[in-house]
Every structure is written in structure tokens, then in C-alpha cells.
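S.K.: Mind having a look at this structure? Questions to follow.
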Amino acid sequence: MFPIRDNIMYKRFPSVTWGLIILNGIIFLLEISIPEDILQGILYLLGLVPARYSSPQWAQIHGLPFDHYLSFLTNMFLHGGWVHIIGNMWFLYLFGSRVEDRLGHGRFLIFYLLAGIGASVIYYLFAIHTKVPVMGASGAIAGVMGAYLVMFPQAKILTLIMIFFYPLFV
């Protein structure tokens, strides 16, 4: 299922939404320009690795600061590939622009960041010993989609559903 558009119009230009999309795009372009061996170190430093906090000895062995909590925020600006970032940014544009219009620019930015940090904390609690970095804006965008659902319960969203090779628009 892939949302195409909705019937909710926004009144103000969604500058924070576009700013987040541009920032994520710039960071992703930097990611793909970094040599693989250096990138892996960056992803372990800025991505959320729960074992870093649950096992300080493991973090120390791998050269990761276990008291570096910024990764609960920074992980939401990293992405694992083109499909990952394009999907996340499309959902952010479609739903974020409407939520930003309703909340206002400043409140939307705070909401987005808190939703992302909250998703990181929940992931940490459920995967406390994971040694693989998690990254992406999906948690923050899930929060935005939840806000959209609450704010616009009667919205109509045109959605593409692929049934084998047959596109179905619902």
C-alpha cells in the first residue's frame, strides 16, 4: 500500500516539513559519499545501538561511548538506502505538511523530534541487547501519521495497492 494524495489542503507553506526533507536528503547524500569502512563507524556512532547502553563493556571494546545519548536523536536522520529515504520522505511530505499546518511550525518540529526520540526509547526498551544500529525517520513519521489520523479522521487518502502486477487505486 502506498498513499498517493489526500483531500486535505494546507493553508500555510510547510516550511518545517520541507526543511526536514531537505536536511534528511543532504545527510543521505553525505552518507552515500563516505567510504564504506568509515560509514560503518559513523552509523555505529550516530545510529541507535541499544547494546551500547545495556552493555557498557561491549561499547568500550568497540570504541563506542556508552554515555553518548545523542544517538536517540541522530538516528532518525540516517537512512539505509534509496527506497528507505524516498519512502520516509514521501510519507513525511504527505502527512507532515497537513499536521504542520494544524499545529504550527514550531510545535510541529517539537512534536516530530519528540515522536522520533520516543520511538527510539521504545525500540531500545524492546531490543535492549541489539548490536546492530537502527536508523531512519520511521518512528517520527509514525507519530506524525498518528497525529494525522487524530486530526483528520474523515480524510480520504488515494492509495495504490499492487496486486501482483495489477495496480489498484483505492
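Just remember, in the C-alpha cells the first chain shown is A, the second B, etc., residues are 1-based per chain, and ligands are 1-based in the order shown.
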Residues of region 56-152 of chain A that approach region 38-43 of chain A to 10 Å or less, counting only C-alpha atoms: could you list each one with the shortest pair of atoms and its distance in Å to one decimal, rows by chain and increasing residue number, as a Markdown table?
M.R.:
```
| residue | atom | partner | partner_atom | distance |
| --- | --- | --- | --- | --- |
| A:His62 | CA | A:Gly41 | CA | 9.8 |
| A:Gly63 | CA | A:Gly41 | CA | 9.5 |
| A:Leu64 | CA | A:Gly41 | CA | 9.2 |
| A:Ser71 | CA | A:Leu43 | CA | 9.6 |
| A:Thr74 | CA | A:Leu43 | CA | 9.8 |
| A:Asn75 | CA | A:Leu43 | CA | 8.2 |
| A:Leu78 | CA | A:Leu43 | CA | 7.9 |
| A:His79 | CA | A:Leu43 | CA | 9.5 |
| A:Gly80 | CA | A:Leu43 | CA | 9.7 |
| A:Val132 | CA | A:Leu43 | CA | 9.4 |
| A:Pro133 | CA | A:Leu43 | CA | 6.6 |
| A:Val134 | CA | A:Leu43 | CA | 8.6 |
| A:Met135 | CA | A:Leu43 | CA | 8.2 |
```
S.K.: Which residues, written as a ChimeraX atom specification, have at least one atom at most 12 Å from Trp58 (chain A), with only C-alpha atoms counted and residues fewer than 5 positions away on the same chain left out?
M.R.: /A:49-53,63-66,129-131
S.K.: Convert the current residue selection to file output with N, CA and C atoms, as a PDB file, in the first residue's frame.
M.R.:
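File written: out_10.pdb
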```
ATOM      1  N   VAL A  49      22.338   2.029  18.798  1.00  0.00           N
ATOM      2  CA  VAL A  49      22.780   0.660  19.073  1.00  0.00           C
ATOM      3  C   VAL A  49      22.440   0.387  20.536  1.00  0.00           C
ATOM      4  N   PRO A  50      21.326  -0.276  20.821  1.00  0.00           N
ATOM      5  CA  PRO A  50      20.909  -0.475  22.207  1.00  0.00           C
ATOM      6  C   PRO A  50      21.974  -1.118  23.097  1.00  0.00           C
ATOM      7  N   ALA A  51      22.757  -2.058  22.566  1.00  0.00           N
ATOM      8  CA  ALA A  51      23.770  -2.729  23.388  1.00  0.00           C
ATOM      9  C   ALA A  51      24.817  -1.750  23.911  1.00  0.00           C
ATOM     10  N   ARG A  52      24.960  -0.628  23.253  1.00  0.00           N
ATOM     11  CA  ARG A  52      25.914   0.386  23.719  1.00  0.00           C
ATOM     12  C   ARG A  52      25.571   0.839  25.135  1.00  0.00           C
ATOM     13  N   TYR A  53      24.281   0.907  25.438  1.00  0.00           N
ATOM     14  CA  TYR A  53      23.832   1.394  26.742  1.00  0.00           C
ATOM     15  C   TYR A  53      23.574   0.260  27.726  1.00  0.00           C
ATOM     16  N   GLY A  63      34.825   0.686  21.008  1.00  0.00           N
ATOM     17  CA  GLY A  63      35.159   2.100  20.897  1.00  0.00           C
ATOM     18  C   GLY A  63      33.969   3.031  20.823  1.00  0.00           C
ATOM     19  N   LEU A  64      32.832   2.602  21.352  1.00  0.00           N
ATOM     20  CA  LEU A  64      31.626   3.428  21.342  1.00  0.00           C
ATOM     21  C   LEU A  64      31.415   4.042  22.717  1.00  0.00           C
ATOM     22  N   PRO A  65      31.181   5.342  22.779  1.00  0.00           N
ATOM     23  CA  PRO A  65      30.903   5.951  24.090  1.00  0.00           C
ATOM     24  C   PRO A  65      29.531   5.508  24.587  1.00  0.00           C
ATOM     25  N   PHE A  66      29.475   4.906  25.757  1.00  0.00           N
ATOM     26  CA  PHE A  66      28.199   4.400  26.263  1.00  0.00           C
ATOM     27  C   PHE A  66      27.387   5.490  26.949  1.00  0.00           C
ATOM     28  N   HIS A 129      19.431  -5.556  23.856  1.00  0.00           N
ATOM     29  CA  HIS A 129      20.744  -6.166  23.640  1.00  0.00           C
ATOM     30  C   HIS A 129      21.172  -6.176  22.168  1.00  0.00           C
ATOM     31  N   THR A 130      20.417  -5.510  21.304  1.00  0.00           N
ATOM     32  CA  THR A 130      20.734  -5.489  19.882  1.00  0.00           C
ATOM     33  C   THR A 130      22.045  -4.754  19.633  1.00  0.00           C
ATOM     34  N   LYS A 131      22.877  -5.341  18.777  1.00  0.00           N
ATOM     35  CA  LYS A 131      24.188  -4.762  18.487  1.00  0.00           C
ATOM     36  C   LYS A 131      24.261  -4.185  17.075  1.00  0.00           C
TER      37      LYS A 131
END
```
S.K.: Nearest to Leu158 (chain A): which of A:Ile27, A:Ala137, A:Val16, A:Leu94 is it, counting only C-alpha atoms?
M.R.: A:Leu94
S.K.: Check which residues of region 55-152 of chain A sit at most 8 Å from region 19-24 of chain A using only C-alpha atoms, and return one row each with the closest pair of atoms and their distance in Å to one decimal, ordered by chain and rising number, as a Markdown table.
M.R.:
```
| residue | atom | partner | partner_atom | distance |
| --- | --- | --- | --- | --- |
| A:Phe77 | CA | A:Asn24 | CA | 5.5 |
| A:Leu78 | CA | A:Asn24 | CA | 7.3 |
| A:Ile85 | CA | A:Asn24 | CA | 7.9 |
| A:Met89 | CA | A:Ile21 | CA | 5.9 |
| A:Leu92 | CA | A:Ile21 | CA | 7.7 |
| A:Tyr93 | CA | A:Ile21 | CA | 7.7 |
```
S.K.: Just to be explicit: take each residue in the selection above, keep N, CA and C atoms, and write the result as a compact mmCIF listing (two decimals), in the first residue's frame.
M.R.:
```txt
# COMPACT_ATOMS: atom_id res chain seq x y z
N PHE A 77 17.93 10.73 11.39
CA PHE A 77 18.36 11.47 10.21
C PHE A 77 19.25 10.62 9.30
N LEU A 78 19.43 9.35 9.64
CA LEU A 78 20.22 8.42 8.83
C LEU A 78 19.27 7.46 8.13
N ILE A 85 14.86 6.12 2.25
CA ILE A 85 14.71 7.58 2.39
C ILE A 85 13.57 8.12 1.54
N MET A 89 10.48 10.04 3.26
CA MET A 89 10.27 11.45 2.95
C MET A 89 8.93 11.68 2.25
N LEU A 92 6.47 11.65 5.04
CA LEU A 92 6.62 12.89 5.80
C LEU A 92 5.97 14.05 5.06
N TYR A 93 6.21 14.14 3.75
CA TYR A 93 5.59 15.22 2.97
C TYR A 93 4.07 15.12 3.00
```
S.K.: So that I can see what lies close to Gly96 (chain A), please list as JSON, numbers by chain the residues with an atom at most 9 Å from it, counting only C-alpha atoms and leaving out residues fewer than 5 positions away in the same chain.
M.R.: {"A": [14, 16, 17, 91, 101, 108, 112, 141, 144, 145, 148]}
S.K.: Give me a file of those residues, with C-alpha atoms, as a tab-separated table (two decimals), in the first residue's frame.
M.R.:
```tsv
chain	number	residue	atom	x	y	z
A	14	PRO	CA	5.00	23.54	5.30
A	16	VAL	CA	9.47	22.71	8.66
A	17	THR	CA	8.38	19.62	6.72
A	91	PHE	CA	5.15	9.89	3.96
A	101	ASP	CA	-0.42	23.32	9.10
A	108	PHE	CA	5.25	20.57	14.69
A	112	TYR	CA	8.31	15.46	15.26
A	141	ILE	CA	6.81	9.68	10.86
A	144	VAL	CA	3.07	12.22	12.54
A	145	MET	CA	0.75	9.67	10.93
A	148	TYR	CA	-2.85	12.97	11.18
```
S.K.: Please identify all polymer residues within 12 Å of Phe152 (chain A), counting only C-alpha atoms, omitting same-chain residues fewer than 5 positions from it, and present them as a PDB file with C-alpha atoms, in the first residue's frame.
M.R.:
```pdb
ATOM      1  CA  ASP A   6      -5.290  13.070   0.261  1.00  0.00           C
ATOM      2  CA  ASN A   7      -8.157  15.536   0.192  1.00  0.00           C
ATOM      3  CA  ILE A   8      -6.835  17.813   2.950  1.00  0.00           C
ATOM      4  CA  MET A   9      -5.457  21.140   1.757  1.00  0.00           C
ATOM      5  CA  PHE A  95       1.147  13.647   6.253  1.00  0.00           C
ATOM      6  CA  ARG A  98      -1.036  18.734   6.954  1.00  0.00           C
ATOM      7  CA  VAL A  99      -0.104  18.168  10.601  1.00  0.00           C
ATOM      8  CA  ASP A 101      -0.419  23.320   9.101  1.00  0.00           C
ATOM      9  CA  ARG A 102      -2.675  22.369  12.019  1.00  0.00           C
ATOM     10  CA  VAL A 144       3.072  12.222  12.544  1.00  0.00           C
ATOM     11  CA  MET A 145       0.748   9.671  10.927  1.00  0.00           C
ATOM     12  CA  GLY A 146      -0.920   9.061  14.294  1.00  0.00           C
ATOM     13  CA  ALA A 147      -1.441  12.798  14.724  1.00  0.00           C
ATOM     14  CA  ILE A 157      -6.434   9.092   1.015  1.00  0.00           C
TER      15      ILE A 157
END
```
S.K.: Mind giving me the straight-line distance from CA of Phe72 (chain A) to CA of Ser120 (chain A) in Å, one decimal?
M.R.: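 Going from CA of Phe72 (chain A) over to CA of Ser120 (chain A) covers 5.6 Å.
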S.K.: For Gly47 (chain A), which residue out of A:Leu70, A:Val150, A:Leu168, A:Ile163 is the nearest one, using only C-alpha atoms?
M.R.: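 Nearest candidate to Gly47 (chain A) out of A:Leu70, A:Val150, A:Leu168, A:Ile163: A:Leu70.
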